[in-house]
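Visitor: Contents are PDB, C-alpha atoms and all ligand atoms; file name protein-v8.pdb:
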```
ATOM      1  CA  MET R   1      -6.727  -2.090 -33.510
ATOM      2  CA  SER R   2      -8.579  -5.361 -34.238
ATOM      3  CA  THR R   3      -7.814  -7.301 -37.416
ATOM      4  CA  ARG R   4     -10.612  -8.736 -39.540
ATOM      5  CA  MET R   5     -10.611 -12.526 -39.141
ATOM      6  CA  ILE R   6     -10.635 -14.489 -42.397
ATOM      7  CA  PRO R   7     -12.609 -17.767 -42.261
ATOM      8  CA  ILE R   8     -10.768 -20.548 -44.134
ATOM      9  CA  ILE R   9     -12.287 -23.772 -45.494
ATOM     10  CA  VAL R  10      -9.871 -26.718 -45.474
ATOM     11  CA  VAL R  11     -10.549 -29.470 -48.044
ATOM     12  CA  GLY R  12      -8.730 -32.745 -47.389
ATOM     13  CA  ALA R  13      -8.962 -31.947 -43.677
ATOM     14  CA  ARG R  14      -7.982 -35.383 -42.377
ATOM     15  CA  GLY R  15      -4.847 -35.598 -44.525
ATOM     16  CA  ARG R  16      -1.218 -34.809 -43.694
ATOM     17  CA  MET R  17      -1.559 -31.343 -45.238
ATOM     18  CA  GLY R  18      -5.137 -30.787 -44.041
ATOM     19  CA  THR R  19      -4.161 -31.304 -40.403
ATOM     20  CA  ALA R  20      -1.067 -29.085 -40.847
ATOM     21  CA  LEU R  21      -3.369 -26.361 -42.232
ATOM     22  CA  ILE R  22      -5.778 -26.707 -39.295
ATOM     23  CA  ARG R  23      -2.879 -26.288 -36.826
ATOM     24  CA  GLU R  24      -1.546 -23.212 -38.652
ATOM     25  CA  VAL R  25      -5.031 -21.639 -38.739
ATOM     26  CA  MET R  26      -5.440 -22.329 -35.002
ATOM     27  CA  ASP R  27      -2.048 -20.717 -34.297
ATOM     28  CA  SER R  28      -2.728 -17.578 -36.370
ATOM     29  CA  ASP R  29      -4.143 -14.269 -35.142
ATOM     30  CA  ASP R  30      -6.126 -13.388 -38.252
ATOM     31  CA  LEU R  31      -7.599 -16.696 -39.512
ATOM     32  CA  THR R  32     -10.454 -18.891 -38.300
ATOM     33  CA  LEU R  33     -11.760 -22.239 -39.519
ATOM     34  CA  GLY R  34     -14.946 -21.673 -41.529
ATOM     35  CA  SER R  35     -15.376 -25.363 -42.159
ATOM     36  CA  CYS R  36     -13.489 -28.579 -42.897
ATOM     37  CA  VAL R  37     -14.271 -31.096 -45.610
ATOM     38  CA  ASP R  38     -13.049 -34.612 -46.354
ATOM     39  CA  ARG R  39     -14.020 -37.634 -48.452
ATOM     40  CA  SER R  40     -17.653 -38.681 -48.169
ATOM     41  CA  GLY R  41     -17.922 -41.945 -46.215
ATOM     42  CA  GLY R  42     -14.330 -41.559 -44.964
ATOM     43  CA  PRO R  43     -13.271 -41.929 -41.318
ATOM     44  CA  GLY R  44     -12.823 -38.168 -40.827
ATOM     45  CA  ILE R  45     -16.481 -37.230 -41.353
ATOM     46  CA  GLY R  46     -18.179 -35.913 -38.209
ATOM     47  CA  GLN R  47     -14.901 -35.713 -36.249
ATOM     48  CA  ASP R  48     -13.781 -32.529 -34.565
ATOM     49  CA  ALA R  49     -11.191 -30.696 -36.691
ATOM     50  CA  GLY R  50      -9.087 -29.669 -33.677
ATOM     51  CA  ARG R  51      -8.879 -33.239 -32.427
ATOM     52  CA  LEU R  52      -7.942 -34.537 -35.915
ATOM     53  CA  ALA R  53      -5.046 -32.081 -35.882
ATOM     54  CA  GLY R  54      -3.882 -33.296 -32.461
ATOM     55  CA  ARG R  55      -5.231 -30.231 -30.656
ATOM     56  CA  PRO R  56      -8.173 -29.559 -28.302
ATOM     57  CA  ASP R  57     -11.675 -29.711 -29.768
ATOM     58  CA  LEU R  58     -12.646 -26.685 -31.817
ATOM     59  CA  GLY R  59     -16.353 -27.287 -32.306
ATOM     60  CA  VAL R  60     -15.868 -27.520 -36.091
ATOM     61  CA  LEU R  61     -16.920 -30.950 -37.358
ATOM     62  CA  VAL R  62     -15.572 -32.361 -40.631
ATOM     63  CA  ASP R  63     -18.214 -32.250 -43.351
ATOM     64  CA  ASP R  64     -18.532 -34.465 -46.436
ATOM     65  CA  GLU R  65     -19.633 -31.666 -48.745
ATOM     66  CA  LEU R  66     -18.062 -28.341 -49.658
ATOM     67  CA  HIS R  67     -20.178 -25.247 -48.924
ATOM     68  CA  PRO R  68     -17.834 -22.433 -50.053
ATOM     69  CA  ARG R  69     -19.947 -19.667 -48.497
ATOM     70  CA  ARG R  70     -18.996 -20.926 -45.029
ATOM     71  CA  GLY R  71     -15.624 -19.251 -45.530
ATOM     72  CA  ASN R  72     -13.846 -16.439 -47.358
ATOM     73  CA  VAL R  73     -11.235 -18.693 -48.987
ATOM     74  CA  VAL R  74     -11.168 -22.439 -49.809
ATOM     75  CA  VAL R  75      -7.792 -24.189 -49.383
ATOM     76  CA  ASP R  76      -7.727 -27.585 -51.097
ATOM     77  CA  PHE R  77      -4.985 -30.184 -50.565
ATOM     78  CA  SER R  78      -6.807 -33.410 -51.432
ATOM     79  CA  LEU R  79      -6.926 -35.558 -54.579
ATOM     80  CA  PRO R  80      -7.119 -34.412 -58.227
ATOM     81  CA  LYS R  81     -10.678 -35.731 -58.680
ATOM     82  CA  ALA R  82     -11.933 -33.925 -55.591
ATOM     83  CA  THR R  83     -10.156 -30.698 -56.519
ATOM     84  CA  ALA R  84     -11.665 -30.672 -60.029
ATOM     85  CA  ASN R  85     -15.154 -31.160 -58.543
ATOM     86  CA  ASN R  86     -14.708 -28.266 -56.108
ATOM     87  CA  VAL R  87     -13.827 -25.637 -58.697
ATOM     88  CA  ASP R  88     -17.386 -25.064 -59.938
ATOM     89  CA  ALA R  89     -18.780 -24.704 -56.418
ATOM     90  CA  CYS R  90     -16.197 -21.977 -55.649
ATOM     91  CA  VAL R  91     -16.915 -20.130 -58.905
ATOM     92  CA  GLU R  92     -20.651 -20.260 -58.232
ATOM     93  CA  ALA R  93     -20.181 -18.881 -54.713
ATOM     94  CA  GLY R  94     -17.547 -16.314 -55.800
ATOM     95  CA  VAL R  95     -15.085 -17.636 -53.204
ATOM     96  CA  PRO R  96     -11.299 -17.607 -53.880
ATOM     97  CA  LEU R  97      -9.601 -20.981 -54.156
ATOM     98  CA  ILE R  98      -6.085 -22.062 -53.154
ATOM     99  CA  ILE R  99      -5.013 -25.362 -54.707
ATOM    100  CA  GLY R 100      -2.102 -27.409 -53.452
ATOM    101  CA  THR R 101      -3.239 -30.776 -54.835
ATOM    102  CA  THR R 102      -0.647 -32.154 -57.247
ATOM    103  CA  GLY R 103      -1.005 -34.593 -60.117
ATOM    104  CA  LEU R 104      -3.728 -32.510 -61.832
ATOM    105  CA  SER R 105      -4.325 -33.330 -65.519
ATOM    106  CA  GLU R 106      -4.067 -30.755 -68.317
ATOM    107  CA  GLU R 107      -7.860 -30.807 -68.418
ATOM    108  CA  ASP R 108      -8.011 -29.990 -64.698
ATOM    109  CA  GLU R 109      -5.567 -27.138 -65.248
ATOM    110  CA  GLN R 110      -7.801 -25.767 -68.006
ATOM    111  CA  LEU R 111     -10.674 -25.805 -65.499
ATOM    112  CA  LEU R 112      -8.549 -23.686 -63.152
ATOM    113  CA  ALA R 113      -7.713 -21.230 -65.923
ATOM    114  CA  ALA R 114     -11.437 -20.895 -66.734
ATOM    115  CA  ALA R 115     -12.276 -20.432 -63.038
ATOM    116  CA  GLY R 116      -9.626 -17.695 -62.869
ATOM    117  CA  GLU R 117     -11.838 -15.562 -65.092
ATOM    118  CA  HIS R 118     -14.367 -15.363 -62.241
ATOM    119  CA  ILE R 119     -12.500 -15.819 -58.949
ATOM    120  CA  PRO R 120      -8.894 -15.580 -57.673
ATOM    121  CA  VAL R 121      -7.304 -19.046 -57.965
ATOM    122  CA  VAL R 122      -3.804 -19.649 -56.599
ATOM    123  CA  TYR R 123      -2.349 -22.929 -57.835
ATOM    124  CA  ALA R 124       1.147 -24.040 -56.903
ATOM    125  CA  ALA R 125       2.772 -27.467 -56.883
ATOM    126  CA  ASN R 126       4.782 -26.223 -53.934
ATOM    127  CA  PHE R 127       3.756 -23.435 -51.566
ATOM    128  CA  SER R 128       7.122 -23.167 -49.837
ATOM    129  CA  VAL R 129       8.868 -19.822 -50.127
ATOM    130  CA  GLY R 130      12.198 -21.653 -50.534
ATOM    131  CA  VAL R 131      11.000 -23.707 -53.499
ATOM    132  CA  THR R 132       9.492 -20.627 -55.127
ATOM    133  CA  LEU R 133      12.931 -19.022 -54.951
ATOM    134  CA  LEU R 134      14.518 -22.259 -56.254
ATOM    135  CA  LEU R 135      12.245 -22.038 -59.309
ATOM    136  CA  GLN R 136      13.465 -18.540 -59.962
ATOM    137  CA  LEU R 137      17.126 -19.546 -59.498
ATOM    138  CA  ALA R 138      16.569 -22.533 -61.835
ATOM    139  CA  GLY R 139      15.433 -20.243 -64.639
ATOM    140  CA  THR R 140      18.221 -17.735 -64.042
ATOM    141  CA  ALA R 141      20.894 -20.476 -63.979
ATOM    142  CA  ALA R 142      19.537 -22.249 -67.063
ATOM    143  CA  ALA R 143      19.477 -19.026 -69.070
ATOM    144  CA  ALA R 144      23.015 -18.110 -67.974
ATOM    145  CA  LEU R 145      24.513 -21.567 -68.597
ATOM    146  CA  GLY R 146      23.005 -21.995 -72.057
ATOM    147  CA  PRO R 147      22.292 -25.099 -74.118
ATOM    148  CA  ASP R 148      25.619 -26.920 -73.487
ATOM    149  CA  TRP R 149      24.668 -27.778 -69.913
ATOM    150  CA  GLU R 150      22.272 -30.670 -69.391
ATOM    151  CA  ALA R 151      19.589 -30.453 -66.708
ATOM    152  CA  GLU R 152      18.427 -33.388 -64.558
ATOM    153  CA  ILE R 153      16.079 -33.328 -61.570
ATOM    154  CA  PHE R 154      15.586 -35.873 -58.850
ATOM    155  CA  GLU R 155      13.248 -35.778 -55.918
ATOM    156  CA  LEU R 156      12.556 -37.846 -52.806
ATOM    157  CA  HIS R 157       9.239 -38.081 -50.939
ATOM    158  CA  HIS R 158       7.618 -40.225 -48.252
ATOM    159  CA  ARG R 159       6.213 -43.630 -49.160
ATOM    160  CA  HIS R 160       2.572 -42.435 -49.306
ATOM    161  CA  LYS R 161       2.952 -39.915 -52.139
ATOM    162  CA  ARG R 162       0.979 -40.996 -55.199
ATOM    163  CA  ASP R 163       2.189 -38.900 -58.155
ATOM    164  CA  SER R 164       5.740 -39.274 -59.464
ATOM    165  CA  PRO R 165       7.804 -37.353 -60.358
ATOM    166  CA  SER R 166       6.421 -34.719 -58.022
ATOM    167  CA  GLY R 167       4.538 -31.675 -59.276
ATOM    168  CA  THR R 168       7.434 -29.584 -57.964
ATOM    169  CA  ALA R 169      10.005 -31.552 -59.995
ATOM    170  CA  LEU R 170       7.902 -30.980 -63.114
ATOM    171  CA  ARG R 171       7.586 -27.282 -62.272
ATOM    172  CA  ILE R 172      11.390 -27.015 -61.897
ATOM    173  CA  GLY R 173      11.782 -28.670 -65.306
ATOM    174  CA  GLN R 174       9.297 -26.208 -66.745
ATOM    175  CA  ALA R 175      11.250 -23.269 -65.300
ATOM    176  CA  VAL R 176      14.478 -24.566 -66.929
ATOM    177  CA  ALA R 177      12.681 -25.179 -70.247
ATOM    178  CA  GLU R 178      10.985 -21.783 -70.323
ATOM    179  CA  ALA R 179      14.254 -19.966 -69.612
ATOM    180  CA  THR R 180      15.925 -21.708 -72.562
ATOM    181  CA  ASP R 181      13.120 -21.556 -75.150
ATOM    182  CA  ARG R 182      12.175 -25.211 -74.855
ATOM    183  CA  VAL R 183       8.686 -26.643 -74.353
ATOM    184  CA  PHE R 184       8.956 -28.848 -71.273
ATOM    185  CA  SER R 185       6.399 -31.456 -72.446
ATOM    186  CA  GLU R 186       8.497 -31.980 -75.608
ATOM    187  CA  VAL R 187      11.832 -32.477 -73.820
ATOM    188  CA  ALA R 188      10.784 -34.044 -70.489
ATOM    189  CA  VAL R 189      12.043 -37.575 -69.815
ATOM    190  CA  THR R 190      10.481 -39.187 -66.757
ATOM    191  CA  ASP R 191      11.090 -42.846 -67.652
ATOM    192  CA  ARG R 192      14.555 -43.189 -69.126
ATOM    193  CA  ALA R 193      14.591 -46.984 -68.794
ATOM    194  CA  SER R 194      11.805 -47.332 -71.377
ATOM    195  CA  LEU R 195      13.673 -45.181 -73.938
ATOM    196  CA  GLY R 196      16.710 -47.455 -74.257
ATOM    197  CA  LYS R 197      18.895 -44.832 -75.941
ATOM    198  CA  VAL R 198      21.483 -42.256 -74.985
ATOM    199  CA  ARG R 199      20.498 -38.852 -73.796
ATOM    200  CA  THR R 200      20.032 -35.988 -76.234
ATOM    201  CA  ARG R 201      21.211 -32.566 -75.096
ATOM    202  CA  PRO R 202      17.836 -30.721 -74.941
ATOM    203  CA  GLU R 203      16.250 -33.397 -72.726
ATOM    204  CA  ILE R 204      15.317 -32.515 -69.163
ATOM    205  CA  GLY R 205      15.153 -35.603 -66.974
ATOM    206  CA  ALA R 206      13.011 -35.889 -63.844
ATOM    207  CA  VAL R 207      12.886 -38.891 -61.556
ATOM    208  CA  GLY R 208      11.059 -39.579 -58.278
ATOM    209  CA  LEU R 209      12.260 -41.731 -55.362
ATOM    210  CA  ARG R 210       9.710 -42.949 -52.790
ATOM    211  CA  GLY R 211      10.149 -44.265 -49.274
ATOM    212  CA  GLY R 212      10.393 -43.394 -45.614
ATOM    213  CA  THR R 213       9.001 -40.174 -44.239
ATOM    214  CA  SER R 214      10.713 -37.352 -46.170
ATOM    215  CA  VAL R 215       8.475 -34.295 -46.512
ATOM    216  CA  GLY R 216      10.161 -33.505 -49.852
ATOM    217  CA  GLU R 217      13.630 -33.005 -51.319
ATOM    218  CA  HIS R 218      14.385 -31.648 -54.794
ATOM    219  CA  THR R 219      17.755 -31.484 -56.536
ATOM    220  CA  LEU R 220      18.305 -29.770 -59.861
ATOM    221  CA  MET R 221      21.630 -30.602 -61.503
ATOM    222  CA  PHE R 222      23.214 -28.737 -64.360
ATOM    223  CA  LEU R 223      25.812 -31.062 -65.871
ATOM    224  CA  GLY R 224      28.575 -29.517 -67.975
ATOM    225  CA  GLU R 225      31.900 -30.697 -69.391
ATOM    226  CA  GLY R 226      33.925 -31.591 -66.292
ATOM    227  CA  GLU R 227      31.764 -29.626 -63.842
ATOM    228  CA  ARG R 228      28.371 -29.730 -62.195
ATOM    229  CA  ILE R 229      26.115 -27.305 -60.370
ATOM    230  CA  GLU R 230      23.427 -28.485 -57.950
ATOM    231  CA  LEU R 231      20.524 -26.497 -56.555
ATOM    232  CA  ILE R 232      18.903 -28.333 -53.639
ATOM    233  CA  HIS R 233      15.825 -27.714 -51.517
ATOM    234  CA  ARG R 234      15.044 -29.923 -48.530
ATOM    235  CA  ALA R 235      11.774 -29.581 -46.645
ATOM    236  CA  SER R 236      11.759 -30.929 -43.106
ATOM    237  CA  ASP R 237       8.383 -29.664 -41.892
ATOM    238  CA  ARG R 238       5.004 -29.781 -43.683
ATOM    239  CA  GLY R 239       4.184 -26.517 -41.930
ATOM    240  CA  ILE R 240       6.128 -24.623 -44.640
ATOM    241  CA  PHE R 241       3.539 -25.620 -47.265
ATOM    242  CA  ALA R 242       0.635 -24.852 -44.942
ATOM    243  CA  ARG R 243       2.042 -21.427 -44.014
ATOM    244  CA  GLY R 244       2.685 -20.641 -47.697
ATOM    245  CA  ALA R 245      -0.846 -21.711 -48.670
ATOM    246  CA  LEU R 246      -2.348 -19.550 -45.912
ATOM    247  CA  ARG R 247      -0.197 -16.611 -47.002
ATOM    248  CA  ALA R 248      -1.722 -17.191 -50.458
ATOM    249  CA  ALA R 249      -5.200 -17.340 -48.873
ATOM    250  CA  ARG R 250      -4.747 -13.937 -47.176
ATOM    251  CA  TRP R 251      -3.503 -12.510 -50.478
ATOM    252  CA  ALA R 252      -6.326 -14.089 -52.539
ATOM    253  CA  ALA R 253      -8.982 -12.735 -50.160
ATOM    254  CA  GLU R 254      -8.135  -9.253 -51.514
ATOM    255  CA  ALA R 255      -7.167 -10.173 -55.105
ATOM    256  CA  GLU R 256      -8.963  -9.646 -58.403
ATOM    257  CA  PRO R 257     -10.066 -12.757 -60.328
ATOM    258  CA  GLY R 258      -7.185 -14.521 -62.095
ATOM    259  CA  LEU R 259      -5.077 -17.672 -62.102
ATOM    260  CA  TYR R 260      -2.034 -17.010 -59.933
ATOM    261  CA  ASP R 261       0.957 -18.849 -58.476
ATOM    262  CA  MET R 262       3.315 -18.243 -55.546
ATOM    263  CA  PHE R 263       5.390 -15.804 -57.625
ATOM    264  CA  ASP R 264       2.349 -13.507 -57.653
ATOM    265  CA  VAL R 265       1.707 -13.989 -53.935
ATOM    266  CA  LEU R 266       5.330 -13.172 -53.048
ATOM    267  CA  GLY R 267       5.488 -10.318 -55.558
ATOM    268  CA  LEU R 268       8.481 -11.867 -57.368
TER     269      LEU R 268
HETATM  270  P1  LIG Q   1      -3.232 -37.258 -47.712
HETATM  271  O1  LIG Q   1      -3.517 -38.521 -48.467
HETATM  272  O2  LIG Q   1      -2.617 -37.349 -46.353
HETATM  273  O3  LIG Q   1      -4.577 -36.387 -47.569
HETATM  274  C1  LIG Q   1      -5.514 -36.231 -48.584
HETATM  275  C2  LIG Q   1      -6.862 -36.017 -47.919
HETATM  276  O4  LIG Q   1      -7.824 -35.708 -48.933
HETATM  277  C3  LIG Q   1      -7.352 -37.279 -47.189
HETATM  278  O5  LIG Q   1      -7.803 -36.939 -45.878
HETATM  279  C4  LIG Q   1      -8.493 -37.748 -48.076
HETATM  280  O6  LIG Q   1      -9.504 -38.443 -47.353
HETATM  281  C5  LIG Q   1      -9.005 -36.410 -48.603
HETATM  282  N1  LIG Q   1      -9.904 -36.582 -49.736
HETATM  283  C6  LIG Q   1      -9.943 -37.571 -50.654
HETATM  284  N2  LIG Q   1     -10.984 -37.402 -51.486
HETATM  285  C7  LIG Q   1     -11.633 -36.284 -51.073
HETATM  286  C8  LIG Q   1     -12.797 -35.616 -51.502
HETATM  287  N3  LIG Q   1     -13.504 -36.060 -52.544
HETATM  288  N4  LIG Q   1     -13.174 -34.476 -50.850
HETATM  289  C9  LIG Q   1     -12.452 -34.012 -49.794
HETATM  290  N5  LIG Q   1     -11.350 -34.638 -49.325
HETATM  291  C10 LIG Q   1     -10.949 -35.749 -49.953
HETATM  292  O7  LIG Q   1      -2.318 -36.391 -48.685
HETATM  293  P2  LIG Q   1      -1.399 -35.132 -48.307
HETATM  294  O8  LIG Q   1      -0.012 -35.585 -48.060
HETATM  295  O9  LIG Q   1      -2.099 -34.276 -47.318
HETATM  296  O10 LIG Q   1      -1.378 -34.385 -49.730
HETATM  297  C11 LIG Q   1      -2.575 -33.936 -50.347
HETATM  298  C12 LIG Q   1      -2.206 -33.327 -51.702
HETATM  299  O11 LIG Q   1      -1.398 -32.165 -51.494
HETATM  300  C13 LIG Q   1      -1.380 -34.263 -52.593
HETATM  301  O12 LIG Q   1      -1.759 -34.041 -53.945
HETATM  302  C14 LIG Q   1       0.049 -33.790 -52.363
HETATM  303  O13 LIG Q   1       0.915 -34.098 -53.437
HETATM  304  C15 LIG Q   1      -0.200 -32.308 -52.249
HETATM  305  N6  LIG Q   1       0.851 -31.518 -51.580
HETATM  306  C16 LIG Q   1       1.080 -30.287 -52.102
HETATM  307  C17 LIG Q   1       1.988 -29.440 -51.504
HETATM  308  C18 LIG Q   1       2.156 -28.052 -52.076
HETATM  309  O14 LIG Q   1       2.912 -27.235 -51.498
HETATM  310  N7  LIG Q   1       1.447 -27.708 -53.168
HETATM  311  C19 LIG Q   1       2.690 -29.862 -50.362
HETATM  312  C20 LIG Q   1       2.428 -31.120 -49.841
HETATM  313  C21 LIG Q   1       1.489 -31.951 -50.462
END
```
Would you mind writing the structure in this file as structure tokens?
Guide:
Amino acid sequence: MSTRMIPIIVVGARGRMGTALIREVMDSDDLTLGSCVDRSGGPGIGQDAGRLAGRPDLGVLVDDELHPRRGNVVVDFSLPKATANNVDACVEAGVPLIIGTTGLSEEDEQLLAAAGEHIPVVYAANFSVGVTLLLQLAGTAAAALGPDWEAEIFELHHRHKRDSPSGTALRIGQAVAEATDRVFSEVAVTDRASLGKVRTRPEIGAVGLRGGTSVGEHTLMFLGEGERIELIHRASDRGIFARGALRAARWAAEAEPGLYDMFDVLGL
């Protein structure tokens, strides 16, 4: 029995994630590349997507403008400004959108929520299945340990990552806060040096380290009186994010409009 092929549009095609997505699409049995998009005037424009991804030519050239109707799902791992600009085009075309770009502003997130009224939008700071489970464990542990245990998060990423702390670290903090009736934005501390005072118990600290080539490591610590629990996720291959995002794309192709995350995709 033949499977229906789903054409995917990759935005940010020349990037680390974009090329990982192209490779995963090429290796899949049920996905094709509808088109590839990158920054206008950038070095990727006009290049063959297969070659950019270190594979044989595919005959799909990287475009400088998004035409959502060239695919069934748009997968965007680019920059916050680009992502925000792409939302309207997807809504207008009625094409589902998967967003992996991190560092989005609250305003950008409101745009996504509004778009979710018209199209399926899956937005996750981390598309790995392992991190999605870590988020769930973080909430469960925080609720079980209660307010006497202090939570701190640290993360490590390669030297090119722009936003800090990572979107995933912030999402972990949010999971801890939500499970213990705190509002993360009110208790988050991402720059302890500037505070110049001792820690208060409800605070949730998050700090980012940058350097080298790490694909992403996140550690959540619960610090109690004389004991400590650590939940750690280490990514060693960007393919995990690409495979998760494409799993979300397959799911979104059949979904009703709404703003979703990886919990929805995995049915957690
Ligand atoms: P990168 O810098 O290697 O690639 C970004 C690409 O976007 C570049 O090719 C750039 O030219 C392109 N771009 C810039 N402006 C554009 C525009 N206006 N239109 C189209 N393309 C444009 O970065 P990366 O490591 O691939 O990461 C991309 C984003 O994905 C970052 O925000 C990163 O934090 C995030 N990320 C998310 C996950 C996740 O699971 N959600 C995992 C890894 C990375």
Visitor: Excluding stretch 234-242 of chain R and residues on its chain fewer than 6 positions from it, collect all residues at most 10 Å away from it, counting only C-alpha atoms, and give them as a PyMOL selection string.
Guide: chain R and resi 16-25+75+77+100+125-131+155-157+213-219+248
Visitor: Those selected residues, please, written with C-alpha atoms and delivered as a PDB file, keeping the file's coordinate frame.
Guide:
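Output saved as result37.pdb:
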```
ATOM      1  CA  ARG R  16      -1.218 -34.809 -43.694  1.00  0.00           C
ATOM      2  CA  MET R  17      -1.559 -31.343 -45.238  1.00  0.00           C
ATOM      3  CA  GLY R  18      -5.137 -30.787 -44.041  1.00  0.00           C
ATOM      4  CA  THR R  19      -4.161 -31.304 -40.403  1.00  0.00           C
ATOM      5  CA  ALA R  20      -1.067 -29.085 -40.847  1.00  0.00           C
ATOM      6  CA  LEU R  21      -3.369 -26.361 -42.232  1.00  0.00           C
ATOM      7  CA  ILE R  22      -5.778 -26.707 -39.295  1.00  0.00           C
ATOM      8  CA  ARG R  23      -2.879 -26.288 -36.826  1.00  0.00           C
ATOM      9  CA  GLU R  24      -1.546 -23.212 -38.652  1.00  0.00           C
ATOM     10  CA  VAL R  25      -5.031 -21.639 -38.739  1.00  0.00           C
ATOM     11  CA  VAL R  75      -7.792 -24.189 -49.383  1.00  0.00           C
ATOM     12  CA  PHE R  77      -4.985 -30.184 -50.565  1.00  0.00           C
ATOM     13  CA  GLY R 100      -2.102 -27.409 -53.452  1.00  0.00           C
ATOM     14  CA  ALA R 125       2.772 -27.467 -56.883  1.00  0.00           C
ATOM     15  CA  ASN R 126       4.782 -26.223 -53.934  1.00  0.00           C
ATOM     16  CA  PHE R 127       3.756 -23.435 -51.566  1.00  0.00           C
ATOM     17  CA  SER R 128       7.122 -23.167 -49.837  1.00  0.00           C
ATOM     18  CA  VAL R 129       8.868 -19.822 -50.127  1.00  0.00           C
ATOM     19  CA  GLY R 130      12.198 -21.653 -50.534  1.00  0.00           C
ATOM     20  CA  VAL R 131      11.000 -23.707 -53.499  1.00  0.00           C
ATOM     21  CA  GLU R 155      13.248 -35.778 -55.918  1.00  0.00           C
ATOM     22  CA  LEU R 156      12.556 -37.846 -52.806  1.00  0.00           C
ATOM     23  CA  HIS R 157       9.239 -38.081 -50.939  1.00  0.00           C
ATOM     24  CA  THR R 213       9.001 -40.174 -44.239  1.00  0.00           C
ATOM     25  CA  SER R 214      10.713 -37.352 -46.170  1.00  0.00           C
ATOM     26  CA  VAL R 215       8.475 -34.295 -46.512  1.00  0.00           C
ATOM     27  CA  GLY R 216      10.161 -33.505 -49.852  1.00  0.00           C
ATOM     28  CA  GLU R 217      13.630 -33.005 -51.319  1.00  0.00           C
ATOM     29  CA  HIS R 218      14.385 -31.648 -54.794  1.00  0.00           C
ATOM     30  CA  THR R 219      17.755 -31.484 -56.536  1.00  0.00           C
ATOM     31  CA  ALA R 248      -1.722 -17.191 -50.458  1.00  0.00           C
TER      32      ALA R 248
END
```
Visitor: Return the single residue from R:Ala175, R:Leu61, R:Leu246, R:Ile204 that is closest to R:Leu133, with distances computed using all atoms listed in the file.
Guide: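 Closest candidate: R:Ala175.
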Visitor: Could you name the residues that touch R:Arg199 at 12 Å or less, counting only C-alpha atoms, but leaving out those on the same chain fewer than 4 positions away, as a list in words?
Guide: Glu150, Ala151, Glu152, Val187, Ala188, Val189, Asp191, Arg192, Ala193, Leu195, Glu203, Ile204 and Gly205 of chain R
Visitor: Within 7 Å of stretch 112-116 of chain R, counting all atoms listed in the file, which residues show up once you throw out same-chain ones fewer than 4 positions away? Write them as JSON, numbers by chain, please.
Guide: {"R": [87, 91, 108, 120, 121, 257, 258, 259]}
Visitor: For ligand LIG 1 (chain Q), which residue out of R:Asp261, R:Glu178, R:Asp27, R:Glu92 is the nearest one, using all atoms listed in the file?
Guide: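 With all atoms listed in the file as the atom set, the closest residue is R:Asp261.
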Visitor: Work out how far apart atom CA of R:Thr190 and atom CA of R:Gly167 are and give it in Å to one decimal.
Guide: 12.2 Å
Visitor: Return the single residue from R:Leu66, R:Ala142, R:Leu268, R:Ala93 that is closest to ligand LIG 1 (chain Q), with distances computed using only C-alpha atoms and all ligand atoms.
Guide: R:Leu66
Visitor: So how far away is atom CA of R:Thr101 from atom C21 of ligand LIG 1 (chain Q), in Å?
Guide: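 One can read the atom C21 of ligand LIG 1 (chain Q) to atom CA of R:Thr101 distance as 6.5 Å.
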Visitor: Here's the selection I'm unsure about, the PyMOL selection byres (((chain R and resi 45) around 12) and not hetatm); applied to the file above, which residues does it give, as a PyMOL selection string?
Guide: chain R and resi 11-14+35-44+46-49+52+60-65
Visitor: So what do you get for atom CA of R:Gly244 versus atom C18 of ligand LIG 1 (chain Q), distance-wise?
Guide: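 Between these atoms lies a distance of 8.6 Å.
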Visitor: Set up a box along x, y and z of the file covering all listed atoms of stretch 63-80 of chain R, add 3 Å on every one of the six sides, and write the centre and edge lengths in Å to one decimal, as AutoDock Vina command-line options.
Guide:
```
--center_x -12.6 --center_y -26.0 --center_z -50.8 --size_x 21.2 --size_y 25.1 --size_z 20.9
```
Visitor: At a cut-off of 10 Å, using all atoms listed in the file, what residues contact R:Met5? Leave out same-chain residues fewer than 3 positions from it and give the result as a CSV table (one decimal) with C-alpha atoms, keeping the file's coordinate frame.
Guide:
```
chain,number,residue,atom,x,y,z
R,2,SER,CA,-8.6,-5.4,-34.2
R,8,ILE,CA,-10.8,-20.5,-44.1
R,28,SER,CA,-2.7,-17.6,-36.4
R,29,ASP,CA,-4.1,-14.3,-35.1
R,30,ASP,CA,-6.1,-13.4,-38.3
R,31,LEU,CA,-7.6,-16.7,-39.5
R,32,THR,CA,-10.5,-18.9,-38.3
R,33,LEU,CA,-11.8,-22.2,-39.5
R,72,ASN,CA,-13.8,-16.4,-47.4
```
Visitor: For R:Ala138, which residue among R:Ala124, R:Val176, R:Leu97, R:Ile119 is the nearest when counting all atoms listed in the file?
Guide: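 Closest residue, counting all atoms listed in the file: R:Val176.
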Visitor: Give me the result of the PyMOL selection byres (((chain R and resi 224) around 8) and not hetatm) on this file, residue by residue, as a VMD selection string.
Guide: chain R and resid 148 to 150 222 to 223 225 to 228
Visitor: Let me make sure I understand: among R:Ser105, R:Thr180, R:Thr168, R:Gln110, which one has the smallest atom-to-atom distance to ligand LIG 1 (chain Q) if we use all atoms listed in the file?
Guide: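 Of the candidates, the smallest distance to ligand LIG 1 (chain Q) is held by R:Thr168.
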Visitor: Go through R:Arg159, R:Arg51, R:His233, R:Lys81 and flag the residue nearest R:Thr102, using all atoms listed in the file for the distances.
Guide: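 Closest to R:Thr102 of all the choices is R:Lys81.
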Visitor: Run the PyMOL selection byres (((chain R and resi 162) around 12) and not hetatm) mentally over the shown coordinates, then write out the matched residues as a list in words, using the chain letters and numbers from the document.
Guide: Ser78, Leu79, Pro80, Thr101, Thr102, Gly103, Leu104, His157, His158, Arg159, His160, Lys161, Asp163, Ser164, Pro165, Ser166, Gly167, Gly208, Leu209, Arg210 and Gly211 of chain R
